[in-house]
Amino acid sequence: MFEKYVIVPGTLRNVVEDGRTTGFELGVRMPYYRGLGLSMVEDVAVTVDGVRAAPERTTFTVHGNSYPLTGLGEVVEDRWELGEVATVAVAHPGGLAPGMHDVEVSQRLRISYMPVPGGGRARAAVELSA
Amino acid sequence: MFEKYVIVPGTLRNVVEDGRTTGFELGVRMPYYRGLGLSMVEDVAVTVDGVRAAPERTTFTVHGNSYPLTGLGEVVEDRWELGEVATVAVAHPGGLAPGMHDVEVSQRLRISYMPVPGGGRARAAVELSA
Amino acid sequence: MSHRITRGVSLYSFQEEFFLRTMTVRDAVAVAAKIGALDIEIIPEQSIPGFPHVSDEWVRDWHDTMAEFGTRPLAYDFFLDTLRHPGRRLTHDEQVASVRRDVDLAVRLGTTKLRAIISTPAEVLRDAAPYAEEAGVQLLLEVHAPFHYAHPWVLRHLEVMDALDSPALGFMPDLGCFVERFPRVASERALREGARPEVVDLVVKTYDDHGDVHGLMDTVNYLGGGPVEVGLARQATHYTWRDPRMLLEQIHRTHHVQAKFYEMTDEGTEYSIPYDRIVDVLVEGGFSGCLSSEYEGNRHIQDAHPVDSVEQVTRHHAMLERLLARHEN
Amino acid sequence: MSHRITRGVSLYSFQEEFFLRTMTVRDAVAVAAKIGALDIEIIPEQSIPGFPHVSDEWVRDWHDTMAEFGTRPLAYDFFLDTLRHPGRRLTHDEQVASVRRDVDLAVRLGTTKLRAIISTPAEVLRDAAPYAEEAGVQLLLEVHAPFHYAHPWVLRHLEVMDALDSPALGFMPDLGCFVERFPRVASERALREGARPEVVDLVVKTYDDHGDVHGLMDTVNYLGGGPVEVGLARQATHYTWRDPRMLLEQIHRTHHVQAKFYEMTDEGTEYSIPYDRIVDVLVEGGFSGCLSSEYEGNRHIQDAHPVDSVEQVTRHHAMLERLLARHEN
Ligand SMILES: [Mn+2]
Ligand SMILES: [Mn+2]
């Protein structure tokens, strides 16, 4: 469900800090019909042009609150809301080249009433925004 | 089925070639009620004391015929028979220390009438034989 | 013979529009009022950002909206995140506390029928029932396909209900239990995703013939089925066809009905679910709660078609109104 | 009323001893002869090293053994490794060729009833049937639990059988279709592996009550079931209980029966399977083939008990002899 809305068009951009391009970020939604406490977001894996971002280099931000991706398991007081665009940022010196990129987002959600994780995979050709 | 017979007692030993200990080997059976063509043996992963042997350093031998573990997929003319003790050898300079070792053997068998692979996991405390 | 059934809508029906932010809760309530679906069912985890911390302002807006449109809060769908923490399940006491928390929120929202998600243990509802009863709300186990009243899990709930005999416990059946023919929105989606037509036909035909749908997984595997085909075979065991008279088995404990639907056709009927017979059974059984529309077709069509939940829900209520009218004098 | 049923044994029954090399094929045939199980069923992939390359010497020894003990080769169980090669399935023609290869080997071994593994496509048997017919053998689809004659996969086979009307096609039902109560060797194994007694009891009771066993997976998951408990719930959908009269539906196409058993008790009955009723049905239906013992209990007990397949098969044949005697004058 909602797979086609996971990768948000126009949100792939490089991250510039103090004049240096430190990585890139992407807007992502959760393919689920309700919001979910962050402690149940097991993984949001971003793969760009076949290279999967290391979890330890990935940051997850919702409504202004940023967390290391690997630390979401502890976060019981914050949520990723229905349809909310989260920003997933990957530390990657130099960022991405201009132009189109093959972006895949693989999510794993720990859904208590299901025997297997929810989430799924979304893939799109995305152009790097300015 | 047959899990308790997978790791064969008394078969864990170091391999010595030209006076040098190049690795170790173990006798292993397939947990299955019939023999299977080797091309359907997807993996025989040996983990000793928590360290999983790299597939490319693993050799598989049945009734005198040796194959690189990673090459079994091509072998349509040989089989691992019911209850046959195969020798799995791992290149590991210096081999294993004397004494007891925690040995785990994880097999993946491509069984055509099953939607998921067969095989399974076996684990035993095994003493290194002389 | 008249009836005492009301018409309502679950905001779940507008999930597509909520997800995409093209509708607000107020927009949805406005639609409901317009079509005479005056009882509102809310899924707070969909609609209330920051759940479970619900501000007084949000609650005020909610009640203002109800007053503005003449609708009534009725039902509240809760979840039970037993696996909230990595590596452990919530303890029994934590689960009961979670349900109590939902009771408190339900009271603030003015809702009295709480949907207990099917995975809620019977013992948790048993121990939360007194609190619910005192608060004047009911904890109603949503029995959706493939569950039913003789299902081993539901039998555990029935044991508790029989033993406790509390007015705070009961059922909320979901009409997806009565899928008479395979939803074509689902089979057509599988075709678009590359399933072989002959495999889709096999699944649909086996389902429609009320054949052994549990045999479809092996069958599709032996046919070399890919993930889409296997997924369709699995779906065939998640829908069920049962005689709508099944509702009479526990009609005395049935205090709300989730009126599931997948596709309202241009002709104004549900493609798969025989609503005419279901409404007749509910009237026969003296059901006096709400038929709360629950549109769940968006996920099957959103890949290829624009989703118009408003149109679907509107058609659904035209049908419900028509079917209920046959029982009015 | 007499009968024309013979007693036999499948060498599958001695898998434990073959695996451990404590018995040879000749040892097994000796046992069979001793207990009057004169018809022998072989699984070449178990018993013939180097399969499918079977030497003339092996074949000679086989026939010598038959002569030595007065037994008869009867059945040959084949497999169809559609996934022999990584990354592709065998083509239709390759599959037909594989069956033909088994026909040739079956002829060399003197066996005339070939067990077609359930996953064999109907079209493959359709196209292999003429070769089998010419060779004087039959390709018999093994219908084991949870399959049955109205299963969507089996319906495909029935279509082919109806269309082709070949004497070379038919069925080989496995009596594991008639498991009336949950095999205790399986539930006890689960307990030894750490399943909670209350969960095991739930699975066993639901099965024995002929309840909705497909509901056990969700139930056990909601009870926080671990892998052993989930595995037991899954097993409960792999055994089936059906009226043994089901055998009459296709009795005219039934040319061999795999007499599955899990545990012969000290009292001389099968713990789960009502052999008395089954034998009566087979006699009533005029079945004139072999009841071929297929012991499959070793896998459930081998973790904790020594396996004695000889004792189990001996008891099985004492029972079969007793039950058949009731139909002899
Ligand atoms: Mn529902
Ligand atoms: Mn069998």
# chains A, B, ... in the order shown; residues from 1 in each chain; ligands from 1
$ select_by_dssp --residues "stretch 101-288 of chain D" --states "helix (DSSP H, G or I)" --output "PyMOL selection string"
chain D and resi 101-109+122-135+152-164+175-178+184-192+197-208+213-222+227-238+244-253+275-284
$ select_by_dssp --residues "stretch 37-128 of chain B" --states "strand (DSSP E)" --output "VMD selection string"
chain B and resid 37 41 to 48 51 to 52 58 to 62 65 to 68 79 to 80 86 to 91 100 to 109 118 to 127
$ write_last_selection --atoms "C-alpha atoms" --output "compact mmCIF listing (two decimals), in the first residue's frame"
# COMPACT_ATOMS: atom_id res chain seq x y z
CA GLY B 37 22.24 -33.51 -6.68
CA VAL B 41 23.09 -27.74 -2.35
CA GLU B 42 23.03 -23.98 -2.05
CA ASP B 43 25.13 -23.59 1.06
CA VAL B 44 26.90 -25.50 3.77
CA ALA B 45 28.06 -22.78 6.11
CA VAL B 46 30.38 -23.73 8.92
CA THR B 47 30.73 -21.42 11.90
CA VAL B 48 33.35 -22.28 14.49
CA VAL B 51 33.41 -17.15 13.18
CA ARG B 52 31.67 -18.08 9.96
CA THR B 58 35.45 -23.62 1.87
CA THR B 59 35.78 -26.90 -0.02
CA PHE B 60 33.16 -29.63 -0.17
CA THR B 61 34.11 -33.27 -0.68
CA VAL B 62 31.87 -36.29 -1.12
CA ASN B 65 35.20 -35.68 -5.19
CA SER B 66 36.14 -32.17 -4.10
CA TYR B 67 34.49 -28.94 -5.16
CA PRO B 68 34.72 -25.31 -4.10
CA ARG B 79 25.27 -36.15 -5.45
CA TRP B 80 25.33 -35.97 -1.70
CA ALA B 86 30.72 -35.15 3.37
CA THR B 87 33.90 -33.37 4.36
CA VAL B 88 33.76 -29.62 4.57
CA ALA B 89 37.22 -28.09 4.67
CA VAL B 90 38.00 -24.51 5.50
CA ALA B 91 41.25 -22.77 4.63
CA MET B 100 36.44 -28.08 22.40
CA HIS B 101 34.90 -25.86 19.78
CA ASP B 102 31.40 -24.53 19.25
CA VAL B 103 30.52 -25.74 15.77
CA GLU B 104 27.46 -24.68 13.83
CA VAL B 105 26.55 -26.00 10.40
CA SER B 106 23.88 -24.21 8.48
CA GLN B 107 22.67 -25.80 5.25
CA ARG B 108 20.45 -24.49 2.52
CA LEU B 109 19.03 -27.05 0.09
CA GLY B 118 15.27 -27.06 3.16
CA GLY B 119 18.32 -27.75 5.25
CA GLY B 120 18.48 -26.13 8.63
CA ARG B 121 20.90 -25.56 11.42
CA ALA B 122 22.83 -27.94 13.59
CA ARG B 123 25.10 -27.06 16.44
CA ALA B 124 27.36 -29.06 18.69
CA ALA B 125 30.31 -28.77 21.00
CA VAL B 126 32.99 -30.76 19.22
CA GLU B 127 36.46 -31.70 20.34
$ residues_around --residues "stretch 93-108 of chain C" --least-positions-apart "3" --cutoff "9 Å" --atoms "only C-alpha atoms" --output "number ranges by chain"
C: 52, 54, 56, 59, 75-82, 90, 111-114, 116, 120-121, 123-125, 127-128, 131-132, 135-139
$ residues_around --residues "D:Met264" --least-positions-apart "2" --cutoff "9 Å" --atoms "only C-alpha atoms" --output "VMD selection string"
chain D and resid 261 to 262 266 to 271 311 to 313 315 to 316
$ interface_residues --of "chain C" --to "chain A" --cutoff "8 Å" --atoms "only C-alpha atoms" --output "VMD selection string"
chain C and resid 15 18 to 21 45 to 47 49 to 50 80 to 86 118 to 119 299 to 300 302 to 303
$ closest_atom_pairs --of "chain C" --to "ligand 1" --cutoff "7 Å" --atoms "only C-alpha atoms and all ligand atoms" --output "tab-separated table"
residue	atom	partner	partner_atom_place_in_ligand_line	distance
C:Glu142	CA	ligand 1	1 (Mn)	6.7
C:His144	CA	ligand 1	1 (Mn)	6.2
C:Asp174	CA	ligand 1	1 (Mn)	5.0
C:Gln258	CA	ligand 1	1 (Mn)	5.4
C:Lys260	CA	ligand 1	1 (Mn)	6.2
C:Glu294	CA	ligand 1	1 (Mn)	6.5
$ write_last_selection --atoms "N, CA and C atoms" --output "PDB file, in the first residue's frame"
ATOM      1  N   GLU C 142     -12.735  -6.396  17.029  1.00  0.00           N
ATOM      2  CA  GLU C 142     -13.028  -6.377  15.603  1.00  0.00           C
ATOM      3  C   GLU C 142     -12.748  -7.751  15.021  1.00  0.00           C
ATOM      4  N   HIS C 144     -12.533  -9.552  11.877  1.00  0.00           N
ATOM      5  CA  HIS C 144     -12.457  -9.382  10.422  1.00  0.00           C
ATOM      6  C   HIS C 144     -11.936 -10.676   9.805  1.00  0.00           C
ATOM      7  N   ASP C 174     -16.434  -7.123  11.002  1.00  0.00           N
ATOM      8  CA  ASP C 174     -16.084  -6.388   9.789  1.00  0.00           C
ATOM      9  C   ASP C 174     -16.662  -7.177   8.616  1.00  0.00           C
ATOM     10  N   GLN C 258     -18.282  -2.752  11.240  1.00  0.00           N
ATOM     11  CA  GLN C 258     -17.424  -2.061  10.277  1.00  0.00           C
ATOM     12  C   GLN C 258     -17.837  -2.538   8.883  1.00  0.00           C
ATOM     13  N   LYS C 260     -17.061  -2.859   5.767  1.00  0.00           N
ATOM     14  CA  LYS C 260     -15.934  -2.908   4.832  1.00  0.00           C
ATOM     15  C   LYS C 260     -16.417  -2.939   3.391  1.00  0.00           C
ATOM     16  N   GLU C 294     -16.203   1.418   5.774  1.00  0.00           N
ATOM     17  CA  GLU C 294     -14.751   1.307   5.852  1.00  0.00           C
ATOM     18  C   GLU C 294     -14.235   0.976   4.461  1.00  0.00           C
TER      19      GLU C 294
END
$ decode --residues "stretch 55-90 of chain A" --atoms "N, CA, C and O atoms" --output "short mmCIF file (atom, residue, chain, number, x, y, z; two decimals), in the first residue's frame"
data_model
loop_
_atom_site.label_atom_id
_atom_site.label_comp_id
_atom_site.auth_asym_id
_atom_site.auth_seq_id
_atom_site.Cartn_x
_atom_site.Cartn_y
_atom_site.Cartn_z
N PRO A 55 23.92 2.28 7.57
CA PRO A 55 23.00 2.78 8.60
C PRO A 55 23.67 3.81 9.52
O PRO A 55 23.04 4.80 9.91
N GLU A 56 24.93 3.58 9.85
CA GLU A 56 25.59 4.49 10.78
C GLU A 56 25.89 5.85 10.16
O GLU A 56 26.30 6.77 10.85
N ARG A 57 25.68 5.99 8.85
CA ARG A 57 25.89 7.27 8.20
C ARG A 57 24.55 7.93 7.85
O ARG A 57 24.50 8.90 7.09
N THR A 58 23.50 7.35 8.40
CA THR A 58 22.16 7.82 8.03
C THR A 58 21.46 8.47 9.21
O THR A 58 21.50 7.95 10.34
N THR A 59 20.84 9.60 8.95
CA THR A 59 20.07 10.34 9.96
C THR A 59 18.61 10.42 9.51
O THR A 59 18.34 10.57 8.33
N PHE A 60 17.72 10.34 10.46
CA PHE A 60 16.29 10.33 10.19
C PHE A 60 15.64 11.51 10.91
O PHE A 60 15.82 11.68 12.11
N THR A 61 14.93 12.32 10.15
CA THR A 61 14.33 13.53 10.74
C THR A 61 12.84 13.60 10.43
O THR A 61 12.43 13.47 9.27
N VAL A 62 12.03 13.75 11.47
CA VAL A 62 10.59 14.00 11.28
C VAL A 62 10.21 15.25 12.06
O VAL A 62 10.64 15.40 13.21
N HIS A 63 9.42 16.08 11.46
CA HIS A 63 8.95 17.35 12.02
C HIS A 63 10.01 18.00 12.91
O HIS A 63 9.78 18.31 14.08
N GLY A 64 11.21 18.14 12.32
CA GLY A 64 12.28 18.86 13.00
C GLY A 64 13.11 18.05 13.97
O GLY A 64 14.13 18.56 14.45
N ASN A 65 12.70 16.85 14.28
CA ASN A 65 13.45 16.04 15.24
C ASN A 65 14.34 15.05 14.50
O ASN A 65 13.87 14.25 13.71
N SER A 66 15.65 15.14 14.78
CA SER A 66 16.61 14.29 14.08
C SER A 66 17.16 13.20 14.99
O SER A 66 17.41 13.43 16.18
N TYR A 67 17.33 12.02 14.41
CA TYR A 67 17.85 10.87 15.14
C TYR A 67 18.81 10.10 14.25
O TYR A 67 18.58 10.01 13.03
N PRO A 68 19.84 9.49 14.84
CA PRO A 68 20.61 8.54 14.04
C PRO A 68 19.69 7.36 13.69
O PRO A 68 18.91 6.90 14.56
N LEU A 69 19.77 6.89 12.47
CA LEU A 69 18.88 5.80 12.05
C LEU A 69 18.99 4.60 12.99
O LEU A 69 18.00 3.97 13.34
N THR A 70 20.22 4.32 13.41
CA THR A 70 20.45 3.16 14.28
C THR A 70 19.92 3.37 15.69
O THR A 70 19.90 2.43 16.49
N GLY A 71 19.49 4.57 16.01
CA GLY A 71 19.02 4.86 17.37
C GLY A 71 17.50 4.91 17.50
O GLY A 71 16.98 5.19 18.57
N LEU A 72 16.79 4.65 16.41
CA LEU A 72 15.33 4.80 16.46
C LEU A 72 14.69 3.84 17.45
O LEU A 72 13.64 4.14 18.02
N GLY A 73 15.31 2.70 17.67
CA GLY A 73 14.74 1.69 18.56
C GLY A 73 14.47 2.20 19.97
O GLY A 73 13.63 1.67 20.69
N GLU A 74 15.19 3.24 20.36
CA GLU A 74 15.02 3.78 21.72
C GLU A 74 13.94 4.84 21.79
O GLU A 74 13.57 5.28 22.89
N VAL A 75 13.46 5.29 20.62
CA VAL A 75 12.62 6.49 20.61
C VAL A 75 11.15 6.12 20.77
O VAL A 75 10.45 5.79 19.81
N VAL A 76 10.67 6.18 22.01
CA VAL A 76 9.27 5.81 22.25
C VAL A 76 8.37 7.04 22.35
O VAL A 76 7.15 6.90 22.46
N GLU A 77 8.97 8.21 22.32
CA GLU A 77 8.14 9.41 22.49
C GLU A 77 7.96 10.21 21.21
O GLU A 77 7.49 11.35 21.25
N ASP A 78 8.33 9.66 20.08
CA ASP A 78 8.13 10.39 18.84
C ASP A 78 7.58 9.44 17.79
O ASP A 78 7.70 8.21 17.92
N ARG A 79 6.95 9.99 16.76
CA ARG A 79 6.27 9.18 15.76
C ARG A 79 6.55 9.67 14.37
O ARG A 79 6.90 10.82 14.15
N TRP A 80 6.35 8.76 13.43
CA TRP A 80 6.35 9.08 12.02
C TRP A 80 4.86 8.99 11.64
O TRP A 80 4.29 7.90 11.64
N GLU A 81 4.29 10.13 11.35
CA GLU A 81 2.84 10.18 11.16
C GLU A 81 2.42 9.66 9.79
O GLU A 81 3.22 9.56 8.87
N LEU A 82 1.14 9.39 9.66
CA LEU A 82 0.57 8.97 8.39
C LEU A 82 0.92 9.98 7.31
O LEU A 82 0.64 11.18 7.48
N GLY A 83 1.55 9.51 6.25
CA GLY A 83 1.83 10.37 5.11
C GLY A 83 2.87 11.46 5.36
O GLY A 83 3.14 12.27 4.47
N GLU A 84 3.45 11.47 6.53
CA GLU A 84 4.41 12.52 6.86
C GLU A 84 5.70 12.31 6.08
O GLU A 84 6.22 11.19 6.01
N VAL A 85 6.21 13.39 5.51
CA VAL A 85 7.47 13.30 4.78
C VAL A 85 8.62 13.42 5.77
O VAL A 85 8.83 14.47 6.38
N ALA A 86 9.31 12.31 5.96
CA ALA A 86 10.51 12.33 6.79
C ALA A 86 11.71 12.62 5.89
O ALA A 86 11.67 12.36 4.69
N THR A 87 12.75 13.16 6.47
CA THR A 87 13.96 13.40 5.70
C THR A 87 15.01 12.40 6.15
O THR A 87 15.33 12.31 7.34
N VAL A 88 15.51 11.66 5.19
CA VAL A 88 16.59 10.72 5.46
C VAL A 88 17.85 11.31 4.85
O VAL A 88 17.90 11.61 3.66
N ALA A 89 18.84 11.54 5.71
CA ALA A 89 20.08 12.18 5.24
C ALA A 89 21.23 11.20 5.37
O ALA A 89 21.34 10.50 6.38
N VAL A 90 22.05 11.18 4.36
CA VAL A 90 23.19 10.26 4.33
C VAL A 90 24.48 11.06 4.24
O VAL A 90 24.64 11.91 3.37
#
